[in-house]
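**Q** Here you go, this is target.txt (compact mmCIF, C-alpha atoms).
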```txt
# COMPACT_ATOMS: atom_id res chain seq x y z
CA MET A 11 -5.82 11.49 -23.52
CA TRP A 12 -2.38 9.90 -23.42
CA THR A 13 -2.71 6.15 -23.87
CA TRP A 14 -0.58 3.24 -24.91
CA SER A 15 -1.91 1.31 -27.89
CA TRP A 16 -1.12 -2.28 -27.07
CA ASP A 17 0.08 -4.68 -29.74
CA VAL A 18 -2.38 -7.43 -28.90
CA SER A 19 -0.84 -9.74 -31.50
CA ARG A 20 2.27 -10.29 -29.38
CA LYS A 21 0.38 -12.30 -26.74
CA LEU A 22 2.79 -11.32 -23.96
CA GLY A 23 2.04 -11.57 -20.27
CA ILE A 24 1.80 -8.45 -18.13
CA ILE A 25 3.80 -7.47 -15.05
CA GLY A 26 2.46 -4.71 -12.85
CA TRP A 27 5.04 -2.96 -10.65
CA ASP A 28 4.31 -0.80 -7.59
CA LEU A 29 7.50 0.98 -6.50
CA GLY A 30 7.19 2.47 -3.03
CA GLY A 31 9.69 4.10 -0.77
CA ALA A 32 9.87 0.99 1.41
CA HIS A 33 8.73 -1.92 -0.82
CA LEU A 34 8.75 -3.06 -4.42
CA LYS A 35 5.67 -5.10 -5.31
CA MET A 36 5.14 -7.16 -8.45
CA ALA A 37 2.07 -8.86 -9.94
CA VAL A 38 2.59 -11.29 -12.84
CA LEU A 39 -0.31 -11.97 -15.22
CA ASP A 40 -0.32 -14.39 -18.13
CA ALA A 41 -1.39 -13.34 -21.63
CA GLN A 42 -5.03 -14.09 -20.77
CA GLY A 43 -4.96 -11.88 -17.66
CA GLY A 44 -4.71 -14.70 -15.12
CA LEU A 45 -2.74 -13.94 -11.96
CA GLN A 46 0.33 -16.15 -11.84
CA TRP A 47 2.60 -14.82 -9.12
CA ILE A 48 2.92 -12.09 -6.48
CA ALA A 49 6.18 -10.85 -5.00
CA GLN A 50 7.22 -8.17 -2.54
CA ARG A 51 10.72 -7.00 -1.61
CA ALA A 52 11.94 -4.52 0.99
CA THR A 53 13.55 -1.59 -0.86
CA PRO A 54 14.47 1.21 1.59
CA LEU A 55 15.03 4.04 -0.89
CA TRP A 56 16.23 6.36 1.87
CA GLN A 57 19.36 4.21 1.84
CA GLY A 58 19.89 4.73 -1.92
CA LEU A 59 19.03 2.83 -5.10
CA GLN A 60 21.10 -0.28 -4.38
CA PRO A 61 18.27 -2.13 -2.54
CA LEU A 62 16.04 -1.53 -5.56
CA ASP A 63 18.71 -2.81 -7.92
CA ASP A 64 19.13 -5.90 -5.75
CA ALA A 65 15.37 -6.52 -5.86
CA PHE A 66 15.23 -6.30 -9.67
CA CYS A 67 18.24 -8.61 -9.99
CA ASP A 68 16.61 -11.18 -7.71
CA LEU A 69 13.22 -11.03 -9.42
CA GLY A 70 14.86 -11.14 -12.86
CA LYS A 71 16.32 -14.53 -11.95
CA ARG A 72 12.83 -15.84 -11.16
CA VAL A 73 10.86 -14.33 -14.06
CA GLU A 74 11.87 -13.92 -17.71
CA PHE A 75 11.19 -10.20 -18.12
CA SER A 76 11.30 -10.38 -21.93
CA ALA A 77 8.13 -12.48 -21.94
CA PHE A 78 6.07 -9.59 -20.55
CA ASP A 79 4.88 -6.06 -21.10
CA HIS A 80 5.55 -3.96 -18.01
CA VAL A 81 3.58 -1.18 -16.31
CA LEU A 82 4.85 0.80 -13.34
CA THR A 83 3.24 2.94 -10.68
CA MET A 84 5.19 4.55 -7.89
CA THR A 85 5.19 6.38 -4.57
CA GLY A 86 8.95 6.13 -4.08
CA GLU A 87 9.51 9.59 -5.57
CA LEU A 88 8.67 10.97 -2.10
CA ALA A 89 11.75 9.35 -0.55
CA ASP A 90 14.20 11.89 0.84
CA LEU A 91 16.81 10.42 -1.48
CA PHE A 92 15.43 12.81 -4.11
CA GLU A 93 15.54 16.61 -4.10
CA ASN A 94 11.93 16.85 -5.26
CA ARG A 95 9.17 14.77 -6.84
CA THR A 96 10.10 15.72 -10.39
CA VAL A 97 13.59 14.34 -9.90
CA GLY A 98 12.22 11.30 -8.07
CA VAL A 99 9.76 10.33 -10.80
CA ALA A 100 12.28 10.83 -13.62
CA THR A 101 15.05 8.99 -11.76
CA LEU A 102 12.92 5.97 -10.87
CA ALA A 103 11.36 5.77 -14.34
CA ALA A 104 14.80 5.73 -15.97
CA PHE A 105 16.16 3.30 -13.39
CA VAL A 106 13.40 0.75 -13.99
CA ALA A 107 13.44 1.19 -17.78
CA GLU A 108 17.14 0.34 -17.84
CA ARG A 109 16.47 -2.97 -16.09
CA LEU A 110 13.67 -4.13 -18.39
CA PRO A 111 13.66 -4.99 -22.10
CA ALA A 112 13.83 -1.89 -24.32
CA GLY A 113 10.42 -0.43 -25.09
CA SER A 114 8.55 -2.79 -22.78
CA LEU A 115 7.76 -0.31 -19.97
CA ARG A 116 4.95 2.20 -19.59
CA LEU A 117 4.15 4.37 -16.58
CA TYR A 118 0.75 4.68 -14.98
CA ALA A 119 -0.48 8.28 -14.93
CA GLY A 120 -3.92 7.99 -13.36
CA PRO A 121 -6.67 9.42 -15.61
CA LEU A 122 -4.12 9.70 -18.44
CA GLU A 123 -3.64 5.93 -18.21
CA PHE A 124 -0.31 4.63 -19.61
CA VAL A 125 2.48 6.89 -20.84
CA ASP A 126 6.01 6.50 -22.18
CA PRO A 127 8.88 6.76 -19.66
CA ALA A 128 10.27 9.63 -21.75
CA GLN A 129 7.30 11.69 -20.54
CA SER A 130 8.06 11.12 -16.86
CA ALA A 131 9.41 14.62 -16.17
CA SER A 132 6.68 16.50 -18.04
CA LEU A 133 3.88 14.38 -16.54
CA TYR A 134 5.35 13.87 -13.08
CA ARG A 135 2.28 15.36 -11.36
CA ASN A 136 0.11 12.64 -12.91
CA ILE A 137 2.61 9.82 -12.34
CA ALA A 138 3.72 10.64 -8.79
CA SER A 139 1.96 8.52 -6.14
CA ALA A 140 -0.84 7.44 -8.48
CA ASN A 141 -0.97 3.82 -7.28
CA TRP A 142 -4.15 4.44 -5.28
CA TYR A 143 -5.93 5.61 -8.45
CA ALA A 144 -5.09 2.33 -10.17
CA SER A 145 -6.67 0.33 -7.36
CA ALA A 146 -9.80 2.46 -7.25
CA ALA A 147 -10.14 2.61 -11.06
CA TRP A 148 -9.96 -1.18 -11.33
CA LEU A 149 -12.53 -1.67 -8.57
CA ALA A 150 -14.79 0.99 -10.07
CA ALA A 151 -14.65 -0.74 -13.46
CA THR A 152 -15.34 -4.20 -12.05
CA ARG A 153 -17.53 -3.58 -8.98
CA GLY A 154 -19.35 -0.32 -9.73
CA GLU A 155 -19.51 1.34 -6.32
CA GLY A 156 -17.90 1.12 -2.91
CA LEU A 157 -15.20 2.50 -0.67
CA LEU A 158 -11.68 1.14 -1.09
CA VAL A 159 -9.94 0.77 2.28
CA ASP A 160 -6.33 -0.15 1.58
CA ILE A 161 -4.45 -0.35 4.88
CA GLY A 162 -0.80 -0.94 4.17
CA SER A 163 2.38 -1.16 6.19
CA THR A 164 2.83 2.62 6.21
CA THR A 165 -0.27 4.39 4.92
CA THR A 166 -4.00 3.95 4.38
CA ASP A 167 -5.83 4.86 1.16
CA LEU A 168 -9.56 5.61 1.29
CA LEU A 169 -11.27 6.04 -2.08
CA PRO A 170 -15.00 6.11 -2.81
CA PHE A 171 -16.15 5.07 -6.28
CA HIS A 172 -19.66 5.28 -7.68
CA GLY A 173 -21.21 4.69 -11.09
CA ARG A 174 -17.93 3.03 -12.15
CA VAL A 175 -16.12 6.34 -11.58
CA VAL A 176 -13.43 7.13 -8.98
CA CYS A 177 -14.83 9.92 -6.80
CA ASN A 178 -11.58 11.36 -5.49
CA ARG A 179 -11.32 14.99 -4.39
CA GLY A 180 -7.53 15.10 -4.12
CA TYR A 181 -4.83 13.78 -6.40
CA SER A 182 -1.40 14.74 -5.09
CA ASP A 183 -0.33 13.42 -1.69
CA ARG A 184 -0.68 16.93 -0.29
CA GLU A 185 -4.26 17.22 -1.55
CA ARG A 186 -5.15 13.71 -0.42
CA LEU A 187 -3.74 14.27 3.06
CA ALA A 188 -5.84 17.42 3.33
CA CYS A 189 -9.08 15.58 2.54
CA GLU A 190 -8.05 12.36 4.35
CA GLU A 191 -8.19 10.17 1.29
CA LEU A 192 -4.63 9.43 2.41
CA VAL A 193 -4.09 8.73 6.11
CA TYR A 194 -0.48 8.35 7.12
CA THR A 195 -0.91 5.33 9.35
CA GLY A 196 -0.22 1.64 8.71
CA VAL A 197 -0.04 -1.67 10.53
CA VAL A 198 3.73 -2.21 10.39
CA ARG A 199 6.07 0.76 10.09
CA THR A 200 4.04 3.46 11.87
CA PRO A 201 5.65 4.40 15.22
CA VAL A 202 3.41 3.97 18.25
CA MET A 203 4.10 7.60 19.21
CA ALA A 204 2.37 8.68 15.95
CA VAL A 205 -0.87 6.96 17.01
CA VAL A 206 -1.23 7.80 20.70
CA GLN A 207 0.14 10.43 23.05
CA ARG A 208 -1.07 8.75 26.23
CA VAL A 209 -2.28 5.31 27.29
CA PRO A 210 -4.20 3.94 30.29
CA PHE A 211 -1.93 1.80 32.45
CA ALA A 212 -2.29 0.52 36.03
CA GLY A 213 -5.10 2.98 36.69
CA ASP A 214 -3.27 6.04 35.41
CA TRP A 215 -2.94 7.89 32.12
CA MET A 216 0.66 7.53 31.02
CA ALA A 217 2.29 9.82 28.47
CA VAL A 218 4.18 7.85 25.82
CA ALA A 219 7.78 8.58 24.95
CA SER A 220 8.38 10.59 21.80
CA GLU A 221 10.86 7.95 20.71
CA HIS A 222 10.94 5.27 18.02
CA PHE A 223 10.87 2.52 20.65
CA ALA A 224 8.01 0.49 19.13
CA THR A 225 5.91 0.28 15.97
CA MET A 226 2.42 -0.85 15.12
CA ALA A 227 3.92 -4.18 14.03
CA ASP A 228 4.71 -4.74 17.71
CA VAL A 229 1.15 -3.86 18.67
CA TYR A 230 -0.39 -6.36 16.26
CA ARG A 231 2.19 -9.04 17.08
CA VAL A 232 1.22 -8.78 20.74
CA LEU A 233 -2.43 -9.10 19.70
CA GLU A 234 -1.47 -12.06 17.46
CA VAL A 235 -3.15 -10.70 14.33
CA LEU A 236 -0.22 -9.47 12.23
CA PRO A 237 -0.09 -11.55 9.02
CA ASP A 238 3.00 -13.63 8.35
CA GLY A 239 5.46 -11.80 6.14
CA ALA A 240 3.86 -8.38 6.65
CA ASP A 241 6.87 -7.00 8.52
CA GLN A 242 9.93 -7.04 6.26
CA TYR A 243 12.00 -4.51 8.20
CA PRO A 244 14.14 -4.71 11.36
CA SER A 245 12.34 -4.02 14.62
CA ALA A 246 12.78 -0.63 16.30
CA ASP A 247 15.59 -1.96 18.51
CA GLY A 248 16.97 -4.39 15.94
CA ARG A 249 16.08 -7.37 18.11
CA ASP A 250 13.74 -10.34 17.70
CA LYS A 251 10.19 -10.12 16.41
CA ASP A 252 8.59 -12.59 18.81
CA THR A 253 5.69 -11.61 21.06
CA THR A 254 7.83 -11.17 24.17
CA SER A 255 10.25 -8.83 22.39
CA SER A 256 7.33 -6.78 21.09
CA MET A 257 5.94 -6.48 24.62
CA ARG A 258 9.36 -5.31 25.81
CA ARG A 259 9.40 -2.58 23.18
CA LEU A 260 5.87 -1.48 24.12
CA ALA A 261 6.88 -1.32 27.78
CA ARG A 262 9.70 1.03 26.84
CA MET A 263 7.13 3.42 25.36
CA ILE A 264 5.96 4.22 28.92
CA GLY A 265 9.42 4.06 30.50
CA ALA A 266 8.87 0.58 31.90
CA ASP A 267 10.45 -2.86 31.73
CA LEU A 268 8.71 -6.02 30.59
CA GLY A 269 8.75 -7.46 34.10
CA ASP A 270 6.96 -4.44 35.58
CA ALA A 271 3.55 -5.80 34.59
CA SER A 272 1.75 -8.95 33.51
CA VAL A 273 1.34 -10.28 29.98
CA ASP A 274 -2.34 -9.33 30.13
CA SER A 275 -1.37 -5.74 30.99
CA TRP A 276 0.82 -5.43 27.91
CA ARG A 277 -1.89 -6.98 25.77
CA ALA A 278 -4.39 -4.46 27.12
CA LEU A 279 -2.00 -1.64 26.29
CA ALA A 280 -1.59 -2.99 22.75
CA ALA A 281 -5.38 -3.30 22.37
CA PHE A 282 -5.83 0.35 23.37
CA VAL A 283 -3.26 1.53 20.82
CA ALA A 284 -4.91 -0.59 18.12
CA GLU A 285 -8.31 0.93 18.94
CA ARG A 286 -6.93 4.44 18.60
CA GLN A 287 -5.48 3.62 15.18
CA LEU A 288 -8.86 2.24 14.14
CA ASP A 289 -10.41 5.51 15.35
CA LEU A 290 -8.13 7.47 13.02
CA ILE A 291 -9.14 5.36 10.04
CA ALA A 292 -12.83 5.25 10.97
CA ASP A 293 -13.06 9.04 11.27
CA ALA A 294 -11.51 9.42 7.83
CA CYS A 295 -13.94 6.82 6.44
CA TRP A 296 -16.93 8.71 7.85
CA ARG A 297 -15.61 11.80 6.08
CA GLN A 298 -15.38 10.01 2.72
CA LEU A 299 -18.79 8.40 3.11
CA SER A 300 -20.37 11.79 3.90
CA VAL A 301 -19.56 12.96 0.37
CA ALA A 302 -22.01 10.43 -1.08
CA PRO A 303 -24.07 9.32 1.92
CA THR A 304 -25.63 6.09 0.69
CA LEU A 305 -26.01 3.29 3.20
CA SER A 306 -25.50 0.65 0.51
CA LEU A 307 -21.89 1.61 -0.23
CA PRO A 308 -19.76 -1.43 0.81
CA LEU A 309 -16.14 -1.45 1.94
CA TYR A 310 -13.46 -3.24 -0.09
CA ALA A 311 -10.61 -4.38 2.14
CA ALA A 312 -7.06 -4.40 0.82
CA GLY A 313 -3.48 -4.23 2.05
CA ALA A 314 -1.52 -5.97 4.76
CA GLY A 315 -3.85 -4.43 7.33
CA ARG A 316 -7.11 -5.53 5.76
CA PHE A 317 -7.73 -7.69 8.83
CA LEU A 318 -8.88 -4.43 10.46
CA VAL A 319 -11.54 -3.67 7.85
CA PRO A 320 -14.27 -6.10 9.01
CA ARG A 321 -14.25 -4.38 12.42
CA LEU A 322 -14.25 -1.03 10.67
CA ALA A 323 -17.24 -2.12 8.59
CA GLN A 324 -19.12 -3.07 11.76
CA ARG A 325 -18.54 0.41 13.15
CA LEU A 326 -19.75 2.00 9.93
CA GLY A 327 -22.66 -0.37 9.43
CA ARG A 328 -21.45 -1.48 6.01
CA GLU A 329 -20.84 -4.71 4.14
CA CYS A 330 -17.21 -5.72 3.80
CA HIS A 331 -15.61 -7.52 0.84
CA ASP A 332 -12.03 -8.80 0.92
CA VAL A 333 -10.31 -7.84 -2.33
CA ASP A 334 -8.39 -11.11 -2.06
CA THR A 335 -11.56 -13.00 -2.98
CA LEU A 336 -11.95 -10.84 -6.10
CA ILE A 337 -8.36 -11.28 -7.22
CA GLY A 338 -8.07 -14.97 -6.44
CA ALA A 339 -4.99 -16.93 -5.47
CA PRO A 340 -1.91 -16.72 -7.70
CA ALA A 341 -1.55 -19.86 -9.84
CA SER A 342 2.02 -20.37 -8.64
CA GLY A 343 1.14 -19.78 -4.99
CA GLY A 344 2.94 -17.53 -2.56
CA GLY A 345 1.75 -14.07 -1.63
CA SER A 346 -1.65 -12.42 -1.61
CA GLY A 347 -2.91 -10.18 -4.38
CA ALA A 348 -4.72 -8.05 -1.80
CA ASP A 349 -1.34 -7.14 -0.27
CA CYS A 350 -0.24 -5.73 -3.65
CA VAL A 351 -3.48 -4.32 -5.06
CA PRO A 352 -1.99 -1.40 -7.06
CA ALA A 353 0.41 -3.77 -8.86
CA VAL A 354 -2.43 -6.19 -9.61
CA ALA A 355 -4.76 -3.36 -10.58
CA ILE A 356 -2.52 -1.71 -13.18
CA ALA A 357 -1.83 -5.10 -14.74
CA GLN A 358 -5.56 -5.87 -14.82
CA LEU A 359 -6.30 -2.46 -16.35
CA VAL A 360 -3.86 -3.31 -19.15
CA ALA A 361 -5.53 -6.70 -19.63
CA MET A 362 -8.90 -4.95 -19.89
CA GLN A 363 -7.53 -2.47 -22.42
CA ARG A 364 -6.08 -5.31 -24.47
CA LEU A 365 -9.42 -7.06 -24.48
CA ALA A 366 -11.18 -3.89 -25.63
CA CYS A 367 -8.61 -3.41 -28.43
CA ALA A 368 -9.09 -7.01 -29.58
CA CYS A 369 -12.87 -6.66 -29.88
```
Written as C-alpha cells, how would this file's structure read?
**A**
Amino acid sequence: MWTWSWDVSRKLGIIGWDLGGAHLKMAVLDAQGGLQWIAQRATPLWQGLQPLDDAFCDLGKRVEFSAFDHVLTMTGELADLFENRTVGVATLAAFVAERLPAGSLRLYAGPLEFVDPAQSASLYRNIASANWYASAAWLAATRGEGLLVDIGSTTTDLLPFHGRVVCNRGYSDRERLACEELVYTGVVRTPVMAVVQRVPFAGDWMAVASEHFATMADVYRVLEVLPDGADQYPSADGRDKDTTSSMRRLARMIGADLGDASVDSWRALAAFVAERQLDLIADACWRQLSVAPTLSLPLYAAGAGRFLVPRLAQRLGRECHDVDTLIGAPASGGGSGADCVPAVAIAQLVAMQRLACAC
C-alpha cells in the first residue's frame, strides 16, 4: 500500500483541498485535528486555469500555507480543458504543488491513501475523482455503517458503508454512473431540462424547452429552500437571483412569460420539478440499499443539497443524520463543513493517521 508517513513531530496543521471542475473547497484543521475554517471558491476550469490561480492567491492571503501539511483530492480532471483524465490529474497536481510549500502536498488516492504528486500520472486511475471515497472512508471509520447521501451543486454521491468498510461497487466515474453511486444531478447547476421533460401546467402536460433557460437553483429559490451562498455562478440568463427572476426563468422553460400565471402557479411548477429530482435520487438510493438490505442503515446527509435528505429519509423509512452535526462548526466561523465534506474528510483521515503513528 502506498502511504505517506507523517512527521508527527512537526505539529503542523492540516489543509484538505477538494478541487472540482466548478469549485475549489478548503478545510483547515489545527495540529490537534480541530476544524478552524472552511472556504469555497468558484473555479470554472472550462475557462482555463486562471480562476484556480486566482482562488489560490486569495486563499494564500488569508492562510499561511507554510504552517500546514496539505492533502488534495480532485474531480476537476474531467473538465473539458484537458484532453483526458491522465493529463488532467497530472496538470492539476503540478499546478497545486507549485502554489504550496515544497514537499508539503500529498494526493488522495482512495484505498492507496496518500501519495506523492510525482506519482500522479502513474496512479491517475486511483486519484481521479476519488473525493467521494474520502467522505465515505471517514464516515465508515467514525460511524461504522450507513449510506452517505452527498447532494452537491452538480452531482450526488451515494455510498453505503458497513462494518467500517466502504461498500462501493464502482470506482471510476464511468463505473459509478453505471451503478448509480454517482447521479449527475445537483441543487444548483443542473439544468431543469435534465430533470424533467414535461410538467403539469394549467391542466395540461407541457413539454419543457431543451434550452438552458433555468437551473435547479431557480427551482429551489422559488421554493425558498436554497441555502445562502450555495449558488456561486451567474444565473442562466445572467440576470438577478431573486425569486421573481427565478420564476421568470422557469416560465421560459414552457415558452411562457412571468405574467402569464400567478405566483402560486410558478411555485407549483417548481415543486413538481423538485419532486422529480428527488425521485431520481430516491430510486438510486433504493438501488444502493438493496445491496445490503438492512432496515437499520441510516442516511448521512451532506452537501449543499442536504436539505433534501430528511424528506428522502422519510420516503426510505430511515433515520437521517446531518454530517454538519458530526463535523461541528469551524472555530473561525463562516461556511459549513457539510458543504465541503471531501475536503474535511481527507484532512480528518490525515489527523487519524497522525494519531495512530503517535501511539
**Q** Show which residues sit within 8 Å of Ala284 of chain A, as a PyMOL selection string. Count only C-alpha atoms, and ignore same-chain residues fewer than 6 positions away.
**A** chain A and resi 226+229-230
**Q** Report the closest atom pair, with its distance in Å rounded to one decimal, for each residue of segment 168-275 of chain A that has an atom no farther than 12 Å from segment 346-368 of chain A; count only C-alpha atoms, sort by chain and then rising residue number, and write it as a Markdown table.
**A**
```
| residue | atom | partner | partner_atom | distance |
| --- | --- | --- | --- | --- |
| A:Pro237 | CA | A:Asp349 | CA | 10.4 |
| A:Asp238 | CA | A:Ser346 | CA | 11.1 |
| A:Gly239 | CA | A:Asp349 | CA | 10.4 |
| A:Ala240 | CA | A:Asp349 | CA | 8.7 |
```
**Q** Would you kindly return, as JSON, numbers by chain, each protein, DNA or RNA residue with an atom no farther than 8 Å from any atom of segment 65-78 of chain A, considering all atoms listed in the file and excluding same-chain residues fewer than 2 positions away?
**A** {"A": [22, 23, 24, 25, 34, 51, 52, 53, 61, 62, 63, 80, 109, 110, 111, 114]}
**Q** Residues near Ala131 of chain A, anyone? I mean within 9 Å using only C-alpha atoms, not counting same-chain ones fewer than 3 positions away, as a PyMOL selection string.
**A** chain A and resi 96-97+99-100+127-128+134-135
**Q** Return the single residue from A:Met36, A:Arg259, A:Arg277, A:Ala204 that is closest to Val232 of chain A, with distances computed using only C-alpha atoms.
**A**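 With only C-alpha atoms as the atom set, the closest residue is A:Arg277.
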**Q** Contacts of segment 261-263 of chain A at 7 Å or less, counting all atoms listed in the file, minus same-chain residues fewer than 4 places along, as JSON, numbers by chain?
**A** {"A": [218, 219, 223, 224, 257, 267, 268]}
**Q** List as a ChimeraX atom specification the protein and nucleic acid residues near segment 321-336 of chain A, meaning an atom at most 7 Å away when only C-alpha atoms are counted, but skip any in the same chain fewer than 6 places from it.
**A** /A:292,307-312,346-348
**Q** Please, what distance in Å, to one decimal, runs between atom CA of Gly213 of chain A and atom CA of Ala227 of chain A?
**A**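 Between atom CA of Gly213 of chain A and atom CA of Ala227 of chain A the gap is 25.4 Å.
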**Q** If I take atom CA of Val175 of chain A and atom CA of Leu88 of chain A, how far is one from the other in Å, to one decimal?
**A**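 One can read the atom CA of Val175 of chain A to atom CA of Leu88 of chain A distance as 26.9 Å.
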**Q** Would you list the residues near (-6.0, 12.4, -19.1), meaning any protein, DNA or RNA residue with an atom at most 12 Å from that point in file coordinates, counting all atoms listed in the file, as a list in words?
**A**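 Within 12 Å of (-6.0, 12.4, -19.1), the protein and nucleic acid residues are Met11, Trp12, Thr13, Tyr118, Ala119, Gly120, Pro121, Leu122, Glu123, Phe124, Val125, Leu133, Arg135, Asn136 and Ile137 of chain A.
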**Q** Under the rule that only C-alpha atoms are counted, which of A:Thr83, A:Ser275, A:Ser342, A:Gln298 is the nearest residue to Ala212 of chain A?
**A**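 Checking each of A:Thr83, A:Ser275, A:Ser342, A:Gln298 against Ala212 of chain A, counting only C-alpha atoms, the winner is A:Ser275.
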**Q** Could you state the separation of atom CA of Asp167 of chain A and atom CA of Trp56 of chain A in Å, given to one decimal place?
**A**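 These two atoms are separated by 22.1 Å.
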**Q** Assuming the input is short of atoms at segment 72-83 of chain A, produce N, CA, C and O atoms for that part as a PDB file, in the coordinates of the input.
**A**
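What landed in part_9.pdb:
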```
ATOM      1  N   ARG A  72      14.003 -14.989 -11.381  1.00  0.00           N
ATOM      2  CA  ARG A  72      12.830 -15.840 -11.160  1.00  0.00           C
ATOM      3  C   ARG A  72      11.794 -15.715 -12.283  1.00  0.00           C
ATOM      4  O   ARG A  72      10.970 -16.606 -12.465  1.00  0.00           O
ATOM      5  N   VAL A  73      11.835 -14.589 -12.995  1.00  0.00           N
ATOM      6  CA  VAL A  73      10.860 -14.330 -14.060  1.00  0.00           C
ATOM      7  C   VAL A  73      11.621 -13.850 -15.297  1.00  0.00           C
ATOM      8  O   VAL A  73      12.520 -13.005 -15.185  1.00  0.00           O
ATOM      9  N   GLU A  74      11.251 -14.359 -16.450  1.00  0.00           N
ATOM     10  CA  GLU A  74      11.870 -13.920 -17.710  1.00  0.00           C
ATOM     11  C   GLU A  74      11.183 -12.629 -18.159  1.00  0.00           C
ATOM     12  O   GLU A  74      10.101 -12.639 -18.751  1.00  0.00           O
ATOM     13  N   PHE A  75      11.811 -11.485 -17.864  1.00  0.00           N
ATOM     14  CA  PHE A  75      11.190 -10.200 -18.120  1.00  0.00           C
ATOM     15  C   PHE A  75      10.812  -9.981 -19.583  1.00  0.00           C
ATOM     16  O   PHE A  75       9.851  -9.273 -19.887  1.00  0.00           O
ATOM     17  N   SER A  76      11.563 -10.591 -20.506  1.00  0.00           N
ATOM     18  CA  SER A  76      11.300 -10.380 -21.930  1.00  0.00           C
ATOM     19  C   SER A  76       9.992 -11.008 -22.398  1.00  0.00           C
ATOM     20  O   SER A  76       9.509 -10.702 -23.495  1.00  0.00           O
ATOM     21  N   ALA A  77       9.391 -11.841 -21.575  1.00  0.00           N
ATOM     22  CA  ALA A  77       8.130 -12.480 -21.940  1.00  0.00           C
ATOM     23  C   ALA A  77       6.915 -11.649 -21.535  1.00  0.00           C
ATOM     24  O   ALA A  77       5.775 -12.114 -21.645  1.00  0.00           O
ATOM     25  N   PHE A  78       7.158 -10.400 -21.093  1.00  0.00           N
ATOM     26  CA  PHE A  78       6.070  -9.590 -20.550  1.00  0.00           C
ATOM     27  C   PHE A  78       6.152  -8.143 -21.031  1.00  0.00           C
ATOM     28  O   PHE A  78       7.230  -7.612 -21.300  1.00  0.00           O
ATOM     29  N   ASP A  79       4.970  -7.506 -21.094  1.00  0.00           N
ATOM     30  CA  ASP A  79       4.880  -6.060 -21.100  1.00  0.00           C
ATOM     31  C   ASP A  79       4.878  -5.619 -19.644  1.00  0.00           C
ATOM     32  O   ASP A  79       4.383  -6.343 -18.768  1.00  0.00           O
ATOM     33  N   HIS A  80       5.385  -4.410 -19.388  1.00  0.00           N
ATOM     34  CA  HIS A  80       5.550  -3.960 -18.010  1.00  0.00           C
ATOM     35  C   HIS A  80       4.885  -2.598 -17.803  1.00  0.00           C
ATOM     36  O   HIS A  80       5.007  -1.704 -18.648  1.00  0.00           O
ATOM     37  N   VAL A  81       4.177  -2.461 -16.689  1.00  0.00           N
ATOM     38  CA  VAL A  81       3.580  -1.180 -16.310  1.00  0.00           C
ATOM     39  C   VAL A  81       3.983  -0.875 -14.873  1.00  0.00           C
ATOM     40  O   VAL A  81       4.006  -1.759 -14.019  1.00  0.00           O
ATOM     41  N   LEU A  82       4.302   0.389 -14.627  1.00  0.00           N
ATOM     42  CA  LEU A  82       4.850   0.800 -13.340  1.00  0.00           C
ATOM     43  C   LEU A  82       4.058   1.944 -12.742  1.00  0.00           C
ATOM     44  O   LEU A  82       3.734   2.923 -13.424  1.00  0.00           O
ATOM     45  N   THR A  83       3.742   1.821 -11.461  1.00  0.00           N
ATOM     46  CA  THR A  83       3.240   2.940 -10.680  1.00  0.00           C
ATOM     47  C   THR A  83       4.173   3.113  -9.498  1.00  0.00           C
ATOM     48  O   THR A  83       4.892   2.184  -9.119  1.00  0.00           O
TER      49      THR A  83
END
```
